[in-house]
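Below is target.pdb, which holds PDB, C-alpha atoms and all ligand atoms.
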MODEL        1
ATOM      1  CA  MET W  24     143.247 114.222 157.756
ATOM      2  CA  LEU W  25     141.944 114.394 154.222
ATOM      3  CA  VAL W  26     141.346 117.898 152.900
ATOM      4  CA  SER W  27     139.284 119.409 150.120
ATOM      5  CA  ALA W  28     141.308 120.327 147.035
ATOM      6  CA  GLN W  29     140.089 123.934 147.186
ATOM      7  CA  GLU W  30     142.953 125.542 149.070
ATOM      8  CA  MET W  31     145.786 123.652 147.385
ATOM      9  CA  LEU W  32     144.400 124.514 143.939
ATOM     10  CA  THR W  33     143.715 128.174 144.705
ATOM     11  CA  LYS W  34     147.351 128.434 145.828
ATOM     12  CA  ALA W  35     148.558 126.560 142.751
ATOM     13  CA  LYS W  36     146.615 128.802 140.384
ATOM     14  CA  ALA W  37     147.977 131.947 142.094
ATOM     15  CA  GLY W  38     151.523 130.520 142.214
ATOM     16  CA  ARG W  39     151.488 129.242 138.620
ATOM     17  CA  TYR W  40     152.171 125.585 139.294
ATOM     18  CA  ALA W  41     149.979 122.484 139.213
ATOM     19  CA  VAL W  42     149.068 119.813 141.745
ATOM     20  CA  GLY W  43     149.190 116.252 140.443
ATOM     21  CA  GLN W  44     146.257 113.899 140.673
ATOM     22  CA  PHE W  45     147.639 110.379 140.705
ATOM     23  CA  ASN W  46     145.146 107.548 140.395
ATOM     24  CA  ILE W  47     145.367 104.696 142.877
ATOM     25  CA  ASN W  48     144.665 101.007 142.330
ATOM     26  CA  ASN W  49     145.745  99.292 145.517
ATOM     27  CA  LEU W  50     147.788  99.598 148.698
ATOM     28  CA  GLU W  51     151.177  99.733 146.942
ATOM     29  CA  TRP W  52     150.031 102.575 144.681
ATOM     30  CA  THR W  53     148.606 104.594 147.546
ATOM     31  CA  LYS W  54     151.640 104.119 149.769
ATOM     32  CA  ALA W  55     154.092 105.003 146.971
ATOM     33  CA  ILE W  56     152.238 108.223 146.102
ATOM     34  CA  LEU W  57     151.747 109.368 149.711
ATOM     35  CA  LEU W  58     155.392 108.718 150.675
ATOM     36  CA  THR W  59     156.636 110.625 147.616
ATOM     37  CA  ALA W  60     154.369 113.602 148.329
ATOM     38  CA  GLN W  61     155.579 113.685 151.934
ATOM     39  CA  GLU W  62     159.248 113.385 150.933
ATOM     40  CA  LEU W  63     158.918 116.211 148.404
ATOM     41  CA  LYS W  64     156.667 118.371 150.609
ATOM     42  CA  SER W  65     154.092 118.485 147.852
ATOM     43  CA  PRO W  66     150.311 118.628 148.083
ATOM     44  CA  VAL W  67     148.698 115.701 146.270
ATOM     45  CA  ILE W  68     145.342 114.448 145.033
ATOM     46  CA  LEU W  69     144.625 110.710 145.046
ATOM     47  CA  GLY W  70     142.291 109.878 142.164
ATOM     48  CA  VAL W  71     139.895 106.923 142.331
ATOM     49  CA  SER W  72     137.944 105.900 139.246
ATOM     50  CA  GLU W  73     134.666 104.060 139.753
ATOM     51  CA  GLY W  74     136.296 100.901 138.376
ATOM     52  CA  ALA W  75     139.264 101.184 140.744
ATOM     53  CA  GLY W  76     136.877 101.858 143.625
ATOM     54  CA  LYS W  77     135.053  98.632 142.850
ATOM     55  CA  TYR W  78     138.363  96.769 142.536
ATOM     56  CA  MET W  79     139.455  97.996 145.964
ATOM     57  CA  CYS W  80     136.235  96.590 147.484
ATOM     58  CA  GLY W  81     134.251  99.824 147.494
ATOM     59  CA  TYR W  82     134.648 103.478 148.492
ATOM     60  CA  LYS W  83     134.466 102.832 152.232
ATOM     61  CA  THR W  84     137.438 100.461 152.006
ATOM     62  CA  VAL W  85     139.375 103.127 150.095
ATOM     63  CA  VAL W  86     138.567 105.807 152.675
ATOM     64  CA  GLY W  87     139.609 103.455 155.496
ATOM     65  CA  MET W  88     142.887 102.546 153.796
ATOM     66  CA  VAL W  89     143.841 106.124 152.948
ATOM     67  CA  ASN W  90     142.916 107.537 156.366
ATOM     68  CA  GLY W  91     144.867 104.729 158.038
ATOM     69  CA  MET W  92     147.940 105.481 155.937
ATOM     70  CA  LEU W  93     147.780 109.222 156.604
ATOM     71  CA  GLU W  94     148.000 108.484 160.292
ATOM     72  CA  GLU W  95     150.422 105.551 160.348
ATOM     73  CA  LEU W  96     152.826 106.970 157.753
ATOM     74  CA  ARG W  97     152.587 110.377 159.470
ATOM     75  CA  ILE W  98     151.636 112.204 156.306
ATOM     76  CA  THR W  99     151.411 115.934 157.002
ATOM     77  CA  VAL W 100     151.185 117.367 153.452
ATOM     78  CA  PRO W 101     147.687 118.224 152.163
ATOM     79  CA  VAL W 102     146.028 115.144 150.634
ATOM     80  CA  ALA W 103     142.657 115.118 148.873
ATOM     81  CA  LEU W 104     140.837 111.865 148.081
ATOM     82  CA  HIS W 105     139.000 112.489 144.836
ATOM     83  CA  LEU W 106     136.499 110.518 142.772
ATOM     84  CA  ASP W 107     137.687 110.549 139.145
ATOM     85  CA  HIS W 108     135.060 110.793 136.364
ATOM     86  CA  GLY W 109     132.200 110.104 138.723
ATOM     87  CA  SER W 110     128.665 109.363 137.677
ATOM     88  CA  TYR W 111     125.873 111.120 139.542
ATOM     89  CA  GLU W 112     125.305 107.992 141.689
ATOM     90  CA  GLY W 113     129.046 107.419 142.195
ATOM     91  CA  ALA W 114     129.488 111.013 143.356
ATOM     92  CA  LYS W 115     126.766 110.596 145.948
ATOM     93  CA  ALA W 116     128.269 107.308 147.170
ATOM     94  CA  CYS W 117     131.716 108.914 147.620
ATOM     95  CA  ILE W 118     130.270 111.884 149.502
ATOM     96  CA  GLU W 119     128.620 109.358 151.806
ATOM     97  CA  ALA W 120     131.793 107.236 152.190
ATOM     98  CA  GLY W 121     134.052 110.103 153.319
ATOM     99  CA  PHE W 122     135.923 111.257 150.199
ATOM    100  CA  SER W 123     137.082 114.877 150.407
ATOM    101  CA  SER W 124     136.580 115.701 146.736
ATOM    102  CA  ILE W 125     134.579 114.477 143.763
ATOM    103  CA  MET W 126     134.461 114.891 140.030
ATOM    104  CA  PHE W 127     131.058 114.784 138.441
ATOM    105  CA  ASP W 128     131.553 114.007 134.779
ATOM    106  CA  GLY W 129     128.376 115.218 133.143
ATOM    107  CA  SER W 130     130.128 115.926 129.845
ATOM    108  CA  HIS W 131     128.044 113.289 128.035
ATOM    109  CA  TYR W 132     124.739 114.869 129.111
ATOM    110  CA  PRO W 133     123.127 117.699 127.177
ATOM    111  CA  ILE W 134     124.452 120.939 128.721
ATOM    112  CA  GLU W 135     121.145 121.691 130.528
ATOM    113  CA  GLU W 136     121.222 118.344 132.321
ATOM    114  CA  ASN W 137     124.940 118.691 133.096
ATOM    115  CA  VAL W 138     124.115 122.079 134.663
ATOM    116  CA  ALA W 139     121.172 120.762 136.728
ATOM    117  CA  LYS W 140     123.043 117.761 138.146
ATOM    118  CA  THR W 141     126.247 119.739 138.763
ATOM    119  CA  LYS W 142     124.239 122.391 140.635
ATOM    120  CA  GLU W 143     122.739 119.852 142.978
ATOM    121  CA  LEU W 144     126.116 118.252 143.735
ATOM    122  CA  VAL W 145     127.779 121.670 144.212
ATOM    123  CA  ALA W 146     125.256 122.456 146.962
ATOM    124  CA  ILE W 147     125.935 119.168 148.774
ATOM    125  CA  CYS W 148     129.730 119.561 148.482
ATOM    126  CA  LYS W 149     129.610 123.168 149.750
ATOM    127  CA  GLU W 150     127.713 122.066 152.807
ATOM    128  CA  LYS W 151     130.230 119.293 153.519
ATOM    129  CA  GLY W 152     133.337 121.392 152.807
ATOM    130  CA  MET W 153     134.285 119.181 149.851
ATOM    131  CA  SER W 154     135.699 120.212 146.479
ATOM    132  CA  ILE W 155     133.967 119.371 143.218
ATOM    133  CA  GLU W 156     135.286 119.141 139.659
ATOM    134  CA  ALA W 157     133.091 119.391 136.590
ATOM    135  CA  GLU W 158     133.876 118.614 132.968
ATOM    136  CA  VAL W 159     132.972 120.270 129.701
ATOM    137  CA  GLY W 160     133.985 118.758 126.362
ATOM    138  CA  SER W 161     134.772 115.075 126.690
ATOM    139  CA  ILE W 162     138.334 113.818 127.005
ATOM    140  CA  GLY W 163     139.257 111.397 124.225
ATOM    141  CA  GLY W 164     140.659 107.952 124.768
ATOM    142  CA  GLU W 165     140.785 104.353 123.672
ATOM    143  CA  GLU W 166     137.542 102.473 123.503
ATOM    144  CA  ASP W 167     137.385  99.043 121.882
ATOM    145  CA  GLY W 168     140.781  99.581 120.320
ATOM    146  CA  VAL W 169     139.854 102.867 118.649
ATOM    147  CA  VAL W 170     141.457 106.049 119.950
ATOM    148  CA  GLY W 171     138.854 108.826 119.888
ATOM    149  CA  ALA W 172     140.112 112.375 119.439
ATOM    150  CA  GLY W 173     139.784 114.674 122.451
ATOM    151  CA  GLU W 174     137.036 117.246 122.043
ATOM    152  CA  CYS W 175     137.645 120.949 122.491
ATOM    153  CA  ALA W 176     135.338 122.530 125.045
ATOM    154  CA  ASP W 177     133.094 125.472 124.215
ATOM    155  CA  PRO W 178     134.457 128.359 126.363
ATOM    156  CA  LYS W 179     130.933 129.768 126.907
ATOM    157  CA  GLU W 180     129.743 126.416 128.268
ATOM    158  CA  CYS W 181     132.824 126.360 130.522
ATOM    159  CA  LYS W 182     131.841 129.751 131.899
ATOM    160  CA  MET W 183     128.292 128.503 132.494
ATOM    161  CA  ILE W 184     129.515 125.493 134.491
ATOM    162  CA  ALA W 185     132.230 127.470 136.328
ATOM    163  CA  ASP W 186     129.585 129.953 137.487
ATOM    164  CA  LEU W 187     127.695 127.150 139.259
ATOM    165  CA  GLY W 188     130.336 127.312 141.991
ATOM    166  CA  VAL W 189     132.463 124.263 141.162
ATOM    167  CA  THR W 190     135.982 124.215 142.642
ATOM    168  CA  MET W 191     137.812 123.239 139.458
ATOM    169  CA  LEU W 192     136.955 122.699 135.847
ATOM    170  CA  ALA W 193     138.188 120.091 133.373
ATOM    171  CA  ALA W 194     137.939 121.492 129.876
ATOM    172  CA  GLY W 195     138.675 119.295 126.877
ATOM    173  CA  ILE W 196     141.567 120.792 124.891
ATOM    174  CA  GLY W 197     142.344 117.862 122.631
ATOM    175  CA  ASN W 198     143.739 115.749 125.480
ATOM    176  CA  ILE W 199     143.287 111.992 125.587
ATOM    177  CA  HIS W 200     143.411 109.347 128.323
ATOM    178  CA  GLY W 201     146.098 106.700 127.888
ATOM    179  CA  LYS W 202     148.918 106.778 125.331
ATOM    180  CA  TYR W 203     148.743 109.461 122.625
ATOM    181  CA  PRO W 204     148.620 108.212 119.039
ATOM    182  CA  ALA W 205     151.585 109.066 116.785
ATOM    183  CA  ASN W 206     149.448 111.477 114.745
ATOM    184  CA  TRP W 207     148.125 113.417 117.780
ATOM    185  CA  PRO W 208     148.098 117.122 116.865
ATOM    186  CA  GLY W 209     148.917 118.269 120.436
ATOM    187  CA  LEU W 210     146.976 120.332 122.968
ATOM    188  CA  SER W 211     144.805 123.160 121.695
ATOM    189  CA  PHE W 212     146.293 126.154 123.507
ATOM    190  CA  GLU W 213     143.895 128.358 121.608
ATOM    191  CA  THR W 214     140.983 126.631 123.354
ATOM    192  CA  LEU W 215     142.771 126.741 126.710
ATOM    193  CA  GLU W 216     143.395 130.472 126.399
ATOM    194  CA  ALA W 217     139.763 131.118 125.489
ATOM    195  CA  VAL W 218     138.537 128.993 128.423
ATOM    196  CA  GLN W 219     140.946 130.716 130.805
ATOM    197  CA  LYS W 220     139.719 134.122 129.634
ATOM    198  CA  GLU W 221     136.102 133.154 130.350
ATOM    199  CA  THR W 222     136.695 131.454 133.693
ATOM    200  CA  GLY W 223     139.271 133.768 135.330
ATOM    201  CA  THR W 224     140.588 132.474 138.648
ATOM    202  CA  MET W 225     138.928 129.051 138.375
ATOM    203  CA  PRO W 226     141.621 126.310 138.582
ATOM    204  CA  LEU W 227     141.595 124.371 135.301
ATOM    205  CA  VAL W 228     142.233 120.642 135.119
ATOM    206  CA  LEU W 229     144.221 118.800 132.489
ATOM    207  CA  HIS W 230     143.254 115.140 132.154
ATOM    208  CA  GLY W 231     145.307 112.581 130.249
ATOM    209  CA  GLY W 232     148.649 113.714 131.709
ATOM    210  CA  THR W 233     150.429 110.569 130.469
ATOM    211  CA  GLY W 234     152.726 111.245 127.544
ATOM    212  CA  ILE W 235     152.146 114.997 127.174
ATOM    213  CA  PRO W 236     155.577 116.496 126.408
ATOM    214  CA  ALA W 237     157.131 118.644 129.180
ATOM    215  CA  ASP W 238     157.012 121.880 127.166
ATOM    216  CA  MET W 239     153.263 121.472 126.544
ATOM    217  CA  ILE W 240     152.691 120.792 130.256
ATOM    218  CA  GLN W 241     154.567 123.964 131.170
ATOM    219  CA  LYS W 242     152.696 126.035 128.634
ATOM    220  CA  ALA W 243     149.363 124.636 129.883
ATOM    221  CA  ILE W 244     150.301 125.619 133.458
ATOM    222  CA  SER W 245     151.228 129.121 132.303
ATOM    223  CA  LEU W 246     147.751 129.363 130.726
ATOM    224  CA  GLY W 247     145.857 128.489 133.919
ATOM    225  CA  VAL W 248     146.014 124.708 134.391
ATOM    226  CA  SER W 249     146.492 123.975 138.106
ATOM    227  CA  LYS W 250     145.607 120.275 138.379
ATOM    228  CA  ILE W 251     147.044 117.563 136.130
ATOM    229  CA  ASN W 252     145.801 113.968 136.156
ATOM    230  CA  VAL W 253     148.211 111.094 135.675
ATOM    231  CA  ASN W 254     147.203 107.450 135.646
ATOM    232  CA  THR W 255     148.537 105.319 132.777
ATOM    233  CA  GLU W 256     152.143 106.461 133.240
ATOM    234  CA  CYS W 257     152.304 104.986 136.765
ATOM    235  CA  GLN W 258     150.753 101.765 135.453
ATOM    236  CA  LEU W 259     153.359 101.510 132.687
ATOM    237  CA  ALA W 260     156.215 102.221 135.123
ATOM    238  CA  PHE W 261     154.901  99.523 137.487
ATOM    239  CA  GLN W 262     154.496  97.045 134.636
ATOM    240  CA  GLU W 263     157.973  97.623 133.232
ATOM    241  CA  ALA W 264     159.713  97.194 136.608
ATOM    242  CA  THR W 265     157.665  94.117 137.527
ATOM    243  CA  ARG W 266     158.326  92.560 134.139
ATOM    244  CA  LYS W 267     162.048  93.111 134.525
ATOM    245  CA  TYR W 268     162.040  91.551 138.018
ATOM    246  CA  ILE W 269     160.476  88.380 136.653
ATOM    247  CA  LEU W 270     162.455  88.222 133.400
ATOM    248  CA  ASP W 271     165.659  88.611 135.443
ATOM    249  CA  GLY W 272     164.550  85.530 137.399
ATOM    250  CA  ARG W 273     164.556  87.395 140.704
ATOM    251  CA  ASP W 274     161.268  85.811 141.733
ATOM    252  CA  LEU W 275     163.065  82.455 141.642
ATOM    253  CA  GLU W 276     165.912  83.535 143.925
ATOM    254  CA  GLY W 277     165.535  82.914 147.669
ATOM    255  CA  LYS W 278     162.270  84.392 148.880
ATOM    256  CA  GLY W 279     161.847  86.432 145.713
ATOM    257  CA  PHE W 280     158.307  85.074 145.448
ATOM    258  CA  ASP W 281     157.259  87.005 148.572
ATOM    259  CA  PRO W 282     154.723  89.588 147.347
ATOM    260  CA  ARG W 283     156.442  92.227 149.435
ATOM    261  CA  LYS W 284     159.571  91.623 147.330
ATOM    262  CA  LEU W 285     157.808  90.925 144.046
ATOM    263  CA  LEU W 286     155.870  94.206 144.138
ATOM    264  CA  ALA W 287     158.718  96.360 145.491
ATOM    265  CA  PRO W 288     160.394  97.317 142.173
ATOM    266  CA  GLY W 289     157.023  98.335 140.729
ATOM    267  CA  ALA W 290     156.271 100.472 143.781
ATOM    268  CA  GLU W 291     159.699 102.146 143.484
ATOM    269  CA  ALA W 292     158.995 102.834 139.811
ATOM    270  CA  ILE W 293     155.698 104.531 140.734
ATOM    271  CA  LYS W 294     157.583 106.693 143.249
ATOM    272  CA  ASN W 295     160.048 107.764 140.551
ATOM    273  CA  THR W 296     157.255 108.621 138.110
ATOM    274  CA  VAL W 297     155.363 110.637 140.734
ATOM    275  CA  LYS W 298     158.570 112.468 141.697
ATOM    276  CA  GLU W 299     159.302 113.317 138.080
ATOM    277  CA  LYS W 300     155.784 114.694 137.595
ATOM    278  CA  MET W 301     155.776 116.723 140.808
ATOM    279  CA  GLU W 302     159.055 118.321 139.739
ATOM    280  CA  LEU W 303     157.673 119.079 136.277
ATOM    281  CA  PHE W 304     154.389 120.444 137.665
ATOM    282  CA  GLY W 305     156.266 122.684 140.153
ATOM    283  CA  SER W 306     154.460 121.446 143.270
ATOM    284  CA  VAL W 307     157.623 120.361 145.154
ATOM    285  CA  GLY W 308     158.027 122.294 148.430
ATOM    286  CA  LYS W 309     154.559 123.850 148.092
ATOM    287  CA  ALA W 310     152.909 121.893 150.940
TER     288      ALA W 310
HETATM  289  P1  LIG U 401     146.188 109.174 131.784
HETATM  290  O1  LIG U 401     145.867 107.769 132.116
HETATM  291  O2  LIG U 401     146.287 109.418 130.331
HETATM  292  O3  LIG U 401     147.388 109.669 132.534
HETATM  293  O4  LIG U 401     144.947 110.065 132.264
HETATM  294  C1  LIG U 401     144.615 110.142 133.620
HETATM  295  C2  LIG U 401     143.364 110.900 133.836
HETATM  296  O5  LIG U 401     143.074 111.876 133.178
HETATM  297  C3  LIG U 401     142.447 110.448 134.890
HETATM  298  O6  LIG U 401     141.271 111.171 134.913
ENDMDL
END

Render the structure in this file as structure tokens.
Amino acid sequence: MLVSAQEMLTKAKAGRYAVGQFNINNLEWTKAILLTAQELKSPVILGVSEGAGKYMCGYKTVVGMVNGMLEELRITVPVALHLDHGSYEGAKACIEAGFSSIMFDGSHYPIEENVAKTKELVAICKEKGMSIEAEVGSIGGEEDGVVGAGECADPKECKMIADLGVTMLAAGIGNIHGKYPANWPGLSFETLEAVQKETGTMPLVLHGGTGIPADMIQKAISLGVSKINVNTECQLAFQEATRKYILDGRDLEGKGFDPRKLLAPGAEAIKNTVKEKMELFGSVGKA
């Protein structure tokens, strides 16, 4: 059964480790992540962006697929199904469809509007026993070929949003979605420390987990980060393994064209990436 991310993140914050949010794109992704979490006895959060939700034929299809896998693969570790960077409408649709957690990304609204919309969604999530993530200070990333710098959140605004009763808070600390540019100055631990001071026991979320060096990840966890989002790194691992399979001509050997064979190396590569991250984040054996 899907669970809210509340308990796993409260435990992570108290135990000074982080739970990984791994974004899913299809059946192979979901299966690879769930099997790895079960093997490593780690709690896990499956992230679904609005685009990926659409790709997978809608939120109800995603809920059906994930619930089916939990049962048929006998997954017993805590699993949350979480909307990633949800709009107000997307959040409502996921609540309706049976997700166990949502992120409402109101970071692009003026703070008053972010507060009002977050408040409304917090009330609905509380009633349904779901977890809710809010964001302050937008996360940078590539748009039209230009990599925007990650903003640093205002710690006072973080406190304002945290006090609305959200489960976890994503604060921009110079992090970026996708690959980091060569001249990236690194995470702003100064900002993170200030946010942590203002928000106390609130689990903090680090987006853009791809390509952040291990020592920065560990320092971020020591300063209160208890959820780390990883997406691009699994995509790159899948791409590299699939590319190799084809370039090695394995799709031309025997039944190498069978999608169950063609997609297997990519799925294995996702498992390895997820394993590596769970070990780095310290969530292994914490289920
Ligand atoms: P990356 O794609 O950089 O790993 O970021 C993932 C993320 O933050 C999803 O919200």

Do you have, as a tab-separated table, the list of residues of chain W lying at most 6 Å from ligand LIG 401 (chain U), each with its nearest atom pair and that distance in Å to one decimal, counting all atoms listed in the file and ordered by chain then number?
residue	atom	partner	partner_atom	distance
W:Asp107	CA	U:LIG401	O6	5.6
W:His200	CA	U:LIG401	O2	3.5
W:Gly201	CA	U:LIG401	O2	3.7
W:His230	CA	U:LIG401	O5	3.4
W:Gly231	CA	U:LIG401	O4	3.2
W:Gly232	CA	U:LIG401	O3	4.3
W:Thr233	CA	U:LIG401	O3	3.8
W:Asn252	CA	U:LIG401	O5	4.5
W:Val253	CA	U:LIG401	O3	3.5
W:Asn254	CA	U:LIG401	O1	3.8
W:Thr255	CA	U:LIG401	O1	3.7
W:Glu256	CA	U:LIG401	O3	5.8

Which protein, DNA or RNA residues are at most 12 Å from (140.7, 119.5, 128.2) in the file's coordinates when you count all atoms listed in the file, listed as a PyMOL selection string? chain W and resi 130+157-163+172-178+181+192-200+209-219+227-232+243+247-248+250-252

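Take atom CA of Gly121 of chain W and atom CA of Lys83 of chain W: the distance between them is 7.4 Å.
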
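Reported to one decimal place, the separation of atom CA of Met88 of chain W from atom CA of Asn49 of chain W is 9.3 Å.
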
Apply the PyMOL selection byres (((chain W and resi 32) around 10) and not hetatm) to the displayed file and report the matching residues as a list in words. Ser27, Ala28, Gln29, Glu30, Met31, Thr33, Lys34, Ala35, Lys36, Ala37, Gly38, Tyr40, Ala41, Val42, Pro66, Thr190, Met191, Met225, Pro226, Leu227, Val228, Val248, Ser249 and Lys250 of chain W

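Straight-line separation from atom CA of Leu285 of chain W to atom CA of Glu263 of chain W: 12.7 Å.
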
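Within 8 Å of Leu63 of chain W, once all atoms listed in the file are used and residues closer than 5 positions along the same chain are dropped, the contacting residues are Lys298, Val307 and Gly308 of chain W.
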
Next, the residues of the selection above should be written as an mmCIF file, in the coordinates of the input with C-alpha atoms.
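New file again_38.cif:
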data_model
loop_
_atom_site.group_PDB
_atom_site.id
_atom_site.type_symbol
_atom_site.label_atom_id
_atom_site.label_comp_id
_atom_site.auth_asym_id
_atom_site.auth_seq_id
_atom_site.Cartn_x
_atom_site.Cartn_y
_atom_site.Cartn_z
ATOM 1 C CA LYS W 298 158.570 112.468 141.697
ATOM 2 C CA VAL W 307 157.623 120.361 145.154
ATOM 3 C CA GLY W 308 158.027 122.294 148.430
#

Can you list what the PyMOL selection byres (((chain W and resi 73) around 10) and not hetatm) grabs from this structure, as number ranges by chain? W: 70-72, 74-79, 81-82, 106-110, 113-114, 117

I want to know what sits within 12 Å of Cys257 of chain W, based on only C-alpha atoms, with residues of the same chain fewer than 6 positions away left out; could you give that as number ranges by chain? W: 44-48, 51-53, 55-56, 201, 232-234, 263-264, 289-300

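Using only C-alpha atoms, the nearest neighbour of Leu96 of chain W within the list W:Ala260, W:Val26, W:Ala60, W:Ile134 is W:Ala60.
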
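Evaluated against the shown file, the PyMOL selection byres (((chain W and resi 189) around 10) and not hetatm) gives W:Gln29, W:Met126, W:Phe127, W:Thr141, W:Lys142, W:Leu144, W:Val145, W:Ala146, W:Cys148, W:Lys149, W:Ser154, W:Ile155, W:Glu156, W:Ala157, W:Ile184, W:Ala185, W:Asp186, W:Leu187, W:Gly188, W:Thr190, W:Met191, W:Leu192, W:Met225, W:Pro226.
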
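Distance check against Glu119 of chain W using only C-alpha atoms: of W:Asp281, W:Met153, W:Thr99, W:Met92, the minimum falls on W:Met153.
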
Quick one: segment 50-57 of chain W with all heavy atoms, as a PDB file, in the frame of the given file?
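Below is the file that was written, selection.pdb:
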ATOM      1  N   LEU W  50     146.990  99.100 147.574  1.00  0.00           N
ATOM      2  CA  LEU W  50     147.788  99.598 148.698  1.00  0.00           C
ATOM      3  C   LEU W  50     149.157 100.108 148.248  1.00  0.00           C
ATOM      4  O   LEU W  50     149.605 101.176 148.672  1.00  0.00           O
ATOM      5  CB  LEU W  50     147.937  98.473 149.730  1.00  0.00           C
ATOM      6  CG  LEU W  50     148.764  98.779 150.971  1.00  0.00           C
ATOM      7  CD1 LEU W  50     148.117  98.150 152.205  1.00  0.00           C
ATOM      8  CD2 LEU W  50     150.194  98.261 150.839  1.00  0.00           C
ATOM      9  N   GLU W  51     149.817  99.342 147.379  1.00  0.00           N
ATOM     10  CA  GLU W  51     151.177  99.733 146.942  1.00  0.00           C
ATOM     11  C   GLU W  51     151.168 101.104 146.267  1.00  0.00           C
ATOM     12  O   GLU W  51     152.045 101.928 146.483  1.00  0.00           O
ATOM     13  CB  GLU W  51     151.753  98.687 145.982  1.00  0.00           C
ATOM     14  CG  GLU W  51     152.317  97.441 146.643  1.00  0.00           C
ATOM     15  CD  GLU W  51     151.238  96.512 147.183  1.00  0.00           C
ATOM     16  OE1 GLU W  51     150.064  96.603 146.749  1.00  0.00           O
ATOM     17  OE2 GLU W  51     151.573  95.682 148.052  1.00  0.00           O
ATOM     18  N   TRP W  52     150.170 101.305 145.409  1.00  0.00           N
ATOM     19  CA  TRP W  52     150.031 102.575 144.681  1.00  0.00           C
ATOM     20  C   TRP W  52     149.879 103.733 145.665  1.00  0.00           C
ATOM     21  O   TRP W  52     150.547 104.761 145.574  1.00  0.00           O
ATOM     22  CB  TRP W  52     148.765 102.503 143.817  1.00  0.00           C
ATOM     23  CG  TRP W  52     149.004 102.595 142.355  1.00  0.00           C
ATOM     24  CD1 TRP W  52     148.834 103.717 141.590  1.00  0.00           C
ATOM     25  CD2 TRP W  52     149.439 101.557 141.467  1.00  0.00           C
ATOM     26  NE1 TRP W  52     149.132 103.419 140.280  1.00  0.00           N
ATOM     27  CE2 TRP W  52     149.499 102.117 140.183  1.00  0.00           C
ATOM     28  CE3 TRP W  52     149.781 100.215 141.639  1.00  0.00           C
ATOM     29  CZ2 TRP W  52     149.880 101.381 139.056  1.00  0.00           C
ATOM     30  CZ3 TRP W  52     150.165  99.478 140.530  1.00  0.00           C
ATOM     31  CH2 TRP W  52     150.207 100.058 139.263  1.00  0.00           C
ATOM     32  N   THR W  53     148.952 103.531 146.598  1.00  0.00           N
ATOM     33  CA  THR W  53     148.606 104.594 147.546  1.00  0.00           C
ATOM     34  C   THR W  53     149.814 104.950 148.407  1.00  0.00           C
ATOM     35  O   THR W  53     150.151 106.129 148.582  1.00  0.00           O
ATOM     36  CB  THR W  53     147.426 104.123 148.429  1.00  0.00           C
ATOM     37  OG1 THR W  53     146.441 103.531 147.571  1.00  0.00           O
ATOM     38  CG2 THR W  53     146.809 105.267 149.190  1.00  0.00           C
ATOM     39  N   LYS W  54     150.468 103.913 148.910  1.00  0.00           N
ATOM     40  CA  LYS W  54     151.640 104.119 149.769  1.00  0.00           C
ATOM     41  C   LYS W  54     152.754 104.841 149.009  1.00  0.00           C
ATOM     42  O   LYS W  54     153.352 105.795 149.514  1.00  0.00           O
ATOM     43  CB  LYS W  54     152.108 102.735 150.250  1.00  0.00           C
ATOM     44  CG  LYS W  54     153.296 102.726 151.177  1.00  0.00           C
ATOM     45  CD  LYS W  54     153.562 101.263 151.580  1.00  0.00           C
ATOM     46  CE  LYS W  54     154.888 101.080 152.244  1.00  0.00           C
ATOM     47  NZ  LYS W  54     155.200  99.641 152.453  1.00  0.00           N
ATOM     48  N   ALA W  55     153.014 104.407 147.781  1.00  0.00           N
ATOM     49  CA  ALA W  55     154.092 105.003 146.971  1.00  0.00           C
ATOM     50  C   ALA W  55     153.821 106.496 146.731  1.00  0.00           C
ATOM     51  O   ALA W  55     154.724 107.335 146.848  1.00  0.00           O
ATOM     52  CB  ALA W  55     154.219 104.262 145.643  1.00  0.00           C
ATOM     53  N   ILE W  56     152.576 106.826 146.413  1.00  0.00           N
ATOM     54  CA  ILE W  56     152.238 108.223 146.102  1.00  0.00           C
ATOM     55  C   ILE W  56     152.303 109.084 147.371  1.00  0.00           C
ATOM     56  O   ILE W  56     152.884 110.177 147.359  1.00  0.00           O
ATOM     57  CB  ILE W  56     150.839 108.307 145.442  1.00  0.00           C
ATOM     58  CG1 ILE W  56     150.856 107.572 144.098  1.00  0.00           C
ATOM     59  CG2 ILE W  56     150.408 109.762 145.254  1.00  0.00           C
ATOM     60  CD1 ILE W  56     149.482 107.244 143.527  1.00  0.00           C
ATOM     61  N   LEU W  57     151.745 108.584 148.465  1.00  0.00           N
ATOM     62  CA  LEU W  57     151.747 109.368 149.711  1.00  0.00           C
ATOM     63  C   LEU W  57     153.169 109.604 150.214  1.00  0.00           C
ATOM     64  O   LEU W  57     153.517 110.719 150.626  1.00  0.00           O
ATOM     65  CB  LEU W  57     150.914 108.669 150.792  1.00  0.00           C
ATOM     66  CG  LEU W  57     149.398 108.686 150.582  1.00  0.00           C
ATOM     67  CD1 LEU W  57     148.699 107.923 151.709  1.00  0.00           C
ATOM     68  CD2 LEU W  57     148.858 110.114 150.514  1.00  0.00           C
TER      69      LEU W  57
END
